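**Student:** Please see the structure below; I have some questions.
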Amino acid sequence: MKSNAFNILLVEDDPDHAHLIMRELKKSGVTNNIDWVEDGNEALEYLQGTGKYENKINSNLGLILLDIKLPKLNGLEVLEWIKKNSETKNIPVVMLTTSSDIKDIEKSYTLGANLYVEKSVENFVKRIKNIGLYCQYLSNSE
Amino acid sequence: MNDNDKNTNSERSEMENDDLENFIYTISHDLRSPLTAIQGMTQILMEDYEDLLDKDGRYYLERIDANVKKMESLINDLLKLSRAGRIKSPKEQIESLTMVSKIIDDISKEEGISNWNIAIDKSLPPVVYDRPALNEVFYNIIKNAVIFMGDQREPSIEVGYERQDNCVIFHVRDNGIGIESENIDKIFKVFERVRDIDSKGNGVGLAFVKKIIEHYGGKIWVESSKGHGSTFYFTIPYMEADLSEI
């Protein structure tokens, strides 16, 4: 592995899901720093370096894990912003959601999501491990 | 009915559809979300903390795991039921013989059955229908025949059809446990489990099938008596420029 230094942003409103995601990513060998924000507005503040992230803009962001149903600003709105903004549009975004709604899947890919992963009840942990593999692939191709 | 009435009805119907969509979305996200967390944490306990638990502890974890899966299955069935009457795939010509043969193979593997007497009429006709919907119809009816076979020594399932002037009537006949006459009307209602057997079903399958069949202008009914098997019938109406005569 050449480098695994990029940061990961996790946008997830459910603290139990956030805990599981971060735990399983670490367990599957992801050593990158993971920053966790709990709603869409906070995600945009993080990305723009505003609000409580004033002057803390993260220039080493390499992956965003984005839930869809989020308070204040939903995940699709956040995704749209990310992919329209020249500073962030090249950052890979993985939609990570309990929604299996075909409209959410289509909209996500239309807006530029790189992957859509459904948090299925039965395979949640396994799917997080697969995202871990994707993180490692990104690290290797840096 | 004038145009204004039609528009009002159409708007109302659109609003009802939107409400239903929101309901489905809420079900799929809000109910699944906590289940996903429970299941994930249960799995962690089972995989990483197993050594710290005694036999009883492991048993209770397995029960949590099993019940979470059952709950997910219920939610998925409800979602399917809610979508049955609204989501349409384009109609296409379907070789019903190929479809039924594959479904029987799949169910045989799922249920681990062999040496059953399964007879499919080799002349099952092509029909013009919504493919995923017809697959669900055959799958649910045939699966029910398997589940409710009971301890029959010579299990038998037969799939056949009959042509009528305006439709094809398919049937699935079994020699399973059958249905008491007073329960026949309940069998197509959601969450009704009238047959005294511990089945894997949630009581949604036949309600789902009925909704699909009626949505496409057909009918479904059953002839059965307790201890003497059941025959489920359903109709597929001939469509405009039907290809079933090909």
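Following the order of the structure tokens, first chain is A, next is B, and so on, with residues numbered from 1 inside each chain and ligands from 1 in the order they appear.
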With only C-alpha atoms considered, list every residue of chain A at most 9 Å from chain B, as a list in words.
**Tutor:**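 Going by the stated atoms only, the list reads Asp14, Asp16, His17, Leu20, Lys69, Thr97, Thr98, Ser99, Ser100, Asp101, Lys119, Ser120, Val121, Glu122, Asn123, Phe124 and Val125 of chain A.
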**Student:** Pick out the residues sitting within 10 Å of Ala43 (chain A), and hand them over as a ChimeraX atom specification; count only C-alpha atoms, and ignore anything fewer than 3 positions along from it in its own chain.
**Tutor:** /A:9-12,36-40,46-49,53,64,66,73,75,78,82
**Student:** Applying 7 Å and only C-alpha atoms, which residues near region 89-93 of chain A remain after dropping the ones on its own chain fewer than 5 positions away? List them as a PyMOL selection string.
**Tutor:** chain A and resi 62-66+82-84+113-115
**Student:** Would you return as number ranges by chain the members of region 61-243 of chain B that DSSP assigns to strand (DSSP E) on this structure's backbone?
**Tutor:** B: 91-95, 117-120, 126-130, 156-163, 167-174, 220-224, 230-237
**Student:** Counting only C-alpha atoms, which residue out of B:Ile212, B:Ile104, B:Ile177, B:Ile75 sits closest to Gln152 (chain B)?
**Tutor:**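 Among the listed residues, the smallest separation from Gln152 (chain B) belongs to B:Ile177.
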**Student:** Mind checking DSSP for region 3-136 of chain A and telling me the alpha helix (DSSP H) residues as a tab-separated table (two decimals) with N, CA and C atoms, in the first residue's frame?
**Tutor:**
chain	number	residue	atom	x	y	z
A	15	PRO	N	-26.25	7.36	15.49
A	15	PRO	CA	-24.97	7.11	16.15
A	15	PRO	C	-24.61	5.62	16.21
A	16	ASP	N	-25.61	4.74	16.29
A	16	ASP	CA	-25.31	3.31	16.31
A	16	ASP	C	-24.75	2.86	14.96
A	17	HIS	N	-25.34	3.35	13.89
A	17	HIS	CA	-24.82	3.01	12.57
A	17	HIS	C	-23.40	3.56	12.40
A	18	ALA	N	-23.22	4.82	12.85
A	18	ALA	CA	-21.89	5.44	12.73
A	18	ALA	C	-20.86	4.60	13.48
A	19	HIS	N	-21.24	4.17	14.69
A	19	HIS	CA	-20.32	3.35	15.50
A	19	HIS	C	-19.96	2.06	14.76
A	20	LEU	N	-20.98	1.39	14.22
A	20	LEU	CA	-20.75	0.12	13.51
A	20	LEU	C	-19.88	0.33	12.27
A	21	ILE	N	-20.18	1.39	11.52
A	21	ILE	CA	-19.42	1.65	10.29
A	21	ILE	C	-17.95	1.89	10.61
A	22	MET	N	-17.71	2.76	11.60
A	22	MET	CA	-16.32	3.09	11.93
A	22	MET	C	-15.59	1.87	12.49
A	23	ARG	N	-16.28	1.11	13.31
A	23	ARG	CA	-15.67	-0.08	13.90
A	23	ARG	C	-15.29	-1.10	12.83
A	24	GLU	N	-16.23	-1.36	11.93
A	24	GLU	CA	-15.97	-2.39	10.92
A	24	GLU	C	-14.94	-1.94	9.89
A	25	LEU	N	-14.92	-0.64	9.60
A	25	LEU	CA	-13.89	-0.16	8.67
A	25	LEU	C	-12.50	-0.36	9.29
A	26	LYS	N	-12.37	0.02	10.56
A	26	LYS	CA	-11.07	-0.16	11.24
A	26	LYS	C	-10.70	-1.63	11.26
A	27	LYS	N	-11.72	-2.44	11.58
A	27	LYS	CA	-11.47	-3.88	11.71
A	27	LYS	C	-11.05	-4.51	10.37
A	40	GLY	N	-26.81	16.93	7.17
A	40	GLY	CA	-26.38	17.48	5.89
A	40	GLY	C	-25.75	18.86	5.99
A	41	ASN	N	-26.31	19.70	6.86
A	41	ASN	CA	-25.74	21.05	7.03
A	41	ASN	C	-24.32	21.00	7.56
A	42	GLU	N	-24.15	20.11	8.55
A	42	GLU	CA	-22.81	19.99	9.14
A	42	GLU	C	-21.83	19.46	8.10
A	43	ALA	N	-22.32	18.60	7.21
A	43	ALA	CA	-21.45	18.07	6.14
A	43	ALA	C	-20.97	19.24	5.25
A	44	LEU	N	-21.90	20.13	4.89
A	44	LEU	CA	-21.50	21.26	4.04
A	44	LEU	C	-20.56	22.22	4.78
A	45	GLU	N	-20.82	22.43	6.07
A	45	GLU	CA	-19.90	23.27	6.85
A	45	GLU	C	-18.50	22.66	6.87
A	46	TYR	N	-18.46	21.35	7.04
A	46	TYR	CA	-17.17	20.64	7.05
A	46	TYR	C	-16.46	20.83	5.71
A	47	LEU	N	-17.23	20.66	4.63
A	47	LEU	CA	-16.63	20.71	3.29
A	47	LEU	C	-16.19	22.13	2.89
A	48	GLN	N	-16.93	23.13	3.43
A	48	GLN	CA	-16.61	24.52	3.06
A	48	GLN	C	-15.70	25.21	4.07
A	75	GLY	N	-29.17	13.63	2.07
A	75	GLY	CA	-27.93	13.17	1.44
A	75	GLY	C	-27.86	13.47	-0.04
A	76	LEU	N	-29.01	13.44	-0.72
A	76	LEU	CA	-29.00	13.72	-2.16
A	76	LEU	C	-28.68	15.19	-2.43
A	77	GLU	N	-29.18	16.07	-1.53
A	77	GLU	CA	-28.85	17.50	-1.67
A	77	GLU	C	-27.36	17.74	-1.42
A	78	VAL	N	-26.85	17.02	-0.43
A	78	VAL	CA	-25.41	17.15	-0.14
A	78	VAL	C	-24.60	16.64	-1.33
A	79	LEU	N	-25.02	15.50	-1.87
A	79	LEU	CA	-24.32	14.91	-3.03
A	79	LEU	C	-24.31	15.89	-4.20
A	80	GLU	N	-25.46	16.49	-4.46
A	80	GLU	CA	-25.56	17.44	-5.57
A	80	GLU	C	-24.56	18.59	-5.37
A	81	TRP	N	-24.51	19.09	-4.14
A	81	TRP	CA	-23.57	20.19	-3.84
A	81	TRP	C	-22.13	19.74	-4.09
A	82	ILE	N	-21.80	18.55	-3.58
A	82	ILE	CA	-20.42	18.04	-3.71
A	82	ILE	C	-20.02	17.95	-5.19
A	83	LYS	N	-20.94	17.40	-6.00
A	83	LYS	CA	-20.58	17.13	-7.39
A	83	LYS	C	-20.65	18.39	-8.27
A	84	LYS	N	-21.26	19.46	-7.76
A	84	LYS	CA	-21.30	20.71	-8.52
A	84	LYS	C	-20.15	21.64	-8.15
A	102	ILE	N	-35.72	2.48	-5.69
A	102	ILE	CA	-35.06	2.61	-7.00
A	102	ILE	C	-34.84	4.07	-7.38
A	103	LYS	N	-35.77	4.95	-6.91
A	103	LYS	CA	-35.62	6.37	-7.24
A	103	LYS	C	-34.37	6.96	-6.56
A	104	ASP	N	-34.12	6.51	-5.32
A	104	ASP	CA	-32.92	6.99	-4.62
A	104	ASP	C	-31.65	6.50	-5.32
A	105	ILE	N	-31.70	5.23	-5.78
A	105	ILE	CA	-30.53	4.66	-6.46
A	105	ILE	C	-30.25	5.42	-7.77
A	106	GLU	N	-31.32	5.62	-8.56
A	106	GLU	CA	-31.15	6.31	-9.85
A	106	GLU	C	-30.68	7.75	-9.65
A	107	LYS	N	-31.33	8.42	-8.69
A	107	LYS	CA	-30.98	9.83	-8.45
A	107	LYS	C	-29.52	9.94	-8.00
A	108	SER	N	-29.10	9.01	-7.14
A	108	SER	CA	-27.72	9.05	-6.63
A	108	SER	C	-26.72	8.95	-7.78
A	109	TYR	N	-26.95	7.97	-8.66
A	109	TYR	CA	-26.01	7.81	-9.77
A	109	TYR	C	-26.10	8.98	-10.76
A	110	THR	N	-27.32	9.48	-10.96
A	110	THR	CA	-27.47	10.64	-11.85
A	110	THR	C	-26.69	11.84	-11.32
A	111	LEU	N	-26.70	12.00	-10.00
A	111	LEU	CA	-26.02	13.15	-9.41
A	111	LEU	C	-24.51	12.95	-9.31
A	124	PHE	N	-25.24	-6.05	6.66
A	124	PHE	CA	-24.69	-4.72	6.94
A	124	PHE	C	-23.19	-4.79	7.19
A	125	VAL	N	-22.80	-5.65	8.13
A	125	VAL	CA	-21.40	-5.72	8.53
A	125	VAL	C	-20.54	-6.14	7.34
A	126	LYS	N	-21.03	-7.11	6.57
A	126	LYS	CA	-20.28	-7.59	5.40
A	126	LYS	C	-20.09	-6.47	4.38
A	127	ARG	N	-21.14	-5.68	4.20
A	127	ARG	CA	-21.04	-4.60	3.21
A	127	ARG	C	-20.06	-3.51	3.65
A	128	ILE	N	-20.00	-3.26	4.96
A	128	ILE	CA	-19.03	-2.27	5.45
A	128	ILE	C	-17.61	-2.80	5.18
A	129	LYS	N	-17.45	-4.11	5.36
A	129	LYS	CA	-16.13	-4.69	5.09
A	129	LYS	C	-15.76	-4.49	3.62
A	130	ASN	N	-16.75	-4.60	2.74
A	130	ASN	CA	-16.48	-4.37	1.31
A	130	ASN	C	-16.10	-2.92	1.04
A	131	ILE	N	-16.73	-2.00	1.78
A	131	ILE	CA	-16.33	-0.59	1.63
A	131	ILE	C	-14.88	-0.42	2.10
A	132	GLY	N	-14.52	-1.20	3.12
A	132	GLY	CA	-13.13	-1.19	3.60
A	132	GLY	C	-12.19	-1.56	2.46
A	133	LEU	N	-12.58	-2.56	1.67
A	133	LEU	CA	-11.74	-2.96	0.52
A	133	LEU	C	-11.65	-1.83	-0.50
A	134	TYR	N	-12.78	-1.13	-0.69
A	134	TYR	CA	-12.80	0.00	-1.63
A	134	TYR	C	-11.85	1.10	-1.14
A	135	CYS	N	-11.84	1.36	0.19
A	135	CYS	CA	-10.93	2.36	0.77
A	135	CYS	C	-9.49	1.97	0.47
A	136	GLN	N	-9.21	0.69	0.64
A	136	GLN	CA	-7.84	0.24	0.40
A	136	GLN	C	-7.46	0.37	-1.06
**Student:** For Val172 (chain B), list every protein, DNA or RNA residue within 6 Å, evaluated using only C-alpha atoms, and leave out those in the same chain fewer than 2 positions away; present the list as JSON, numbers by chain.
**Tutor:** {"B": [158, 159, 231, 232]}
**Student:** Give the answer as one residue: which of A:Ile57, A:Asp13, A:Asn140, A:Asn32 has the shortest atom-to-atom distance to Asn74 (chain A), using only C-alpha atoms?
**Tutor:**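 The closest residue to Asn74 (chain A) is A:Asp13.
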**Student:** Excluding Asp165 (chain B) and its own-chain neighbours fewer than 4 positions away, which residues fall within 12 Å of it when counting only C-alpha atoms? Please give them as a ChimeraX atom specification.
**Tutor:** /B:169,235-239
